[in-house]
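The next block holds one structure in the form of structure tokens; read it before the comments.
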Amino acid sequence: MSLIPLSLASFGMDSSLVAWLASIFYLGILVGTTCIQNIVAKVGHRFSLILFLTMLTLTIVAMLAMPTGPVWLVSRFVAGFAVAGVFVVVESWLLMADSAKQRAKRLGLYMTSLYGGSALGQLAIGPLGVNGNGPFYWVIGLLMLAILPPLLVKKGQPEALAHQKISLKEVKKISLPAVIGCLVSGMLLGPIYGLMPSYINGQFASNERTAFLMAIIILGGMLVQPLVSYLSTRISKSLLMALFCLLGTIGIVGIADGTSVAFVTTCYFLLGASCFALYPIAITLACETMALEKIVAATELMLLSYSVGSVFGPVIAEHSSTSAHSLITYLAVVLTTTSIYMLIKSLQNTRSGHTPAIG
């Protein structure tokens, strides 16, 4: 995600494509969430994972074969569709557990692995660079390695269930804070992945510093996952999301006003911890009362909410202000308003004696 905006110049493409490449990727995720369930139901989790990883790999090949704006936009759209498939397959696979505690533990391990890999990917930008085809060959190689486990290991996938769609009546019963949490997660992570590399590079004019701080953001998201897993079964999930959004706001203020390198680095870490904590909290909140045969549909719905936020987030952040700090301002507004909303919902649940998050 960071390689693409930083590599545009080496392929002779304009930097104005950055926001659109981010948004169209998430538009692909949005479209993907509407039909992934049917594919999983027909071919199963294992073959679905192989299919979507292969599709994602082919989009990188297409980008290298024809490095033009239109081809990259189409490729990123298809890549978004494929990534939606990977997320729905893996997350529904892991969430098919018998208890809320098992689900939280599995999701915590998954998020830690996901963000750990992402942080290593950011750090690879330094030694591999951002110019030419070389870095993309590494991406293709890693994706081909990712295909091997589901291709070679045939055991461990969930039992075949008649996956059911969620009715409109059941959709209304899904926790609104869960839906809002996934939506806001997309509104935050879409711009962070799509625009933050360019913002940091504009501040420091260094690819190495950009890669380091992006890795710090994702490292914050990785290291906070065990804490999220521990707390999500012990306190209200709405309150937990409110606290993490408040933590993110503090991080944004520090990024805007900080002067020392150590302090600013710490604030980027806090920003990552807060933004990457929202999605696992929200998705476990949405799935905690769902029957196993409806987990895939619930996961799909949450990813739909996430991708809606991800589609519009980068474009809004890019065009909300002409200031060089428009991205930071946008993130601060989203985090602050979400914190207030989640705190209000938590207080309402407490007063009504309704504490669904405590297990």
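We name chains A, B, ... following the order of the structure tokens; residues begin at 1 in each chain, and ligands are numbered from 1 as shown.
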Report as a tab-separated table the residues of segment 160-230 of chain A within 12 Å of segment 312-319 of chain A, each with its shortest atom pair and distance in Å (one decimal), using only C-alpha atoms, ordered by chain and increasing residue number.
```
residue	atom	partner	partner_atom	distance
A:Leu183	CA	A:Gly313	CA	9.8
A:Val184	CA	A:Gly313	CA	9.0
A:Ser185	CA	A:Gly313	CA	9.8
A:Gly186	CA	A:Gly313	CA	7.2
A:Met187	CA	A:Gly313	CA	4.4
A:Leu188	CA	A:Gly313	CA	6.8
A:Leu189	CA	A:Gly313	CA	8.3
A:Gly190	CA	A:Pro314	CA	5.9
A:Pro191	CA	A:Pro314	CA	4.5
A:Ile192	CA	A:Pro314	CA	8.3
A:Tyr193	CA	A:Pro314	CA	9.0
A:Gly194	CA	A:Pro314	CA	6.8
A:Leu195	CA	A:Pro314	CA	6.9
A:Met196	CA	A:Pro314	CA	9.8
A:Ser198	CA	A:Glu318	CA	11.1
A:Tyr199	CA	A:Glu318	CA	10.4
```
Just the residues within 10 Å of segment 335-348 of chain A, please, counting only C-alpha atoms, with nothing from its chain fewer than 5 positions along; format it as a ChimeraX atom specification. /A:176-178,180-181,184-185,187-188,236-250,252,271,274-275,330,353-355
Give me, as a Markdown table, each residue of segment 78-111 of chain A that comes within 12 Å of segment 31-50 of chain A, together with its shortest interatomic pair and the distance in Å at one decimal, counting only C-alpha atoms, with rows ordered by chain and rising residue number.
```
| residue | atom | partner | partner_atom | distance |
| --- | --- | --- | --- | --- |
| A:Val78 | CA | A:Gly32 | CA | 8.9 |
| A:Ala79 | CA | A:Gly32 | CA | 9.9 |
| A:Gly80 | CA | A:Gly32 | CA | 7.4 |
| A:Phe81 | CA | A:Gly32 | CA | 4.5 |
| A:Ala82 | CA | A:Gly32 | CA | 7.3 |
| A:Val83 | CA | A:Gly32 | CA | 8.4 |
| A:Ala84 | CA | A:Gly32 | CA | 5.6 |
| A:Gly85 | CA | A:Ile36 | CA | 5.8 |
| A:Val86 | CA | A:Leu49 | CA | 5.9 |
| A:Phe87 | CA | A:Leu49 | CA | 9.2 |
| A:Val88 | CA | A:Ile36 | CA | 7.3 |
| A:Val89 | CA | A:His45 | CA | 5.8 |
| A:Val90 | CA | A:Leu49 | CA | 7.8 |
| A:Glu91 | CA | A:His45 | CA | 10.5 |
| A:Ser92 | CA | A:His45 | CA | 8.9 |
| A:Trp93 | CA | A:His45 | CA | 7.2 |
| A:Leu94 | CA | A:His45 | CA | 10.8 |
| A:Met96 | CA | A:His45 | CA | 11.7 |
```
To test your reading of the structure, identify every residue in segment 51-169 of chain A that backbone DSSP assigns to helix (DSSP H, G or I), and report it as a PyMOL selection string. chain A and resi 51-65+69-95+100-128+134-152+168-169
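Across the model, the gap from atom CA of Val130 of chain A to atom CA of Tyr110 of chain A is 28.0 Å.
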Need to verify the contact set: Asn133 of chain A, 10 Å, only C-alpha atoms, exclusion of same-chain residues closer than 6 positions in sequence. Can you return it as a list in words? Ser7, Ser10, Phe11, Val61, Met63, Leu64 and Ala65 of chain A
Could you jot down the atom CA of Val228 of chain A to atom CA of Tyr306 of chain A separation for me, Å, one decimal place? 18.4 Å
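Taking atom CA of His325 of chain A and atom CA of Ala205 of chain A as endpoints, the distance between them is 15.3 Å.
Compared by their closest atoms to Tyr279 of chain A, and using only C-alpha atoms, the residues A:Ser307, A:Thr266, A:Thr259, A:Ser2 rank with A:Ser307 nearest.
Considering the residues A:Gln203, A:Ser23, A:Thr284, A:Thr233 and counting only C-alpha atoms, Ile255 of chain A has its shortest atom-to-atom contact with A:Gln203.
Among the candidates A:Val179, A:Ser232, A:Thr57, A:Gly129, the residue lying nearest to Leu145 of chain A is A:Thr57 (atoms considered: only C-alpha atoms).
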Using only C-alpha atoms, which protein or nucleic acid residues come within 8 Å of segment 206-210 of chain A? Drop anything in the same chain fewer than 4 positions from it, and give the result as JSON, numbers by chain. {"A": [125, 126, 197, 200, 201, 214]}
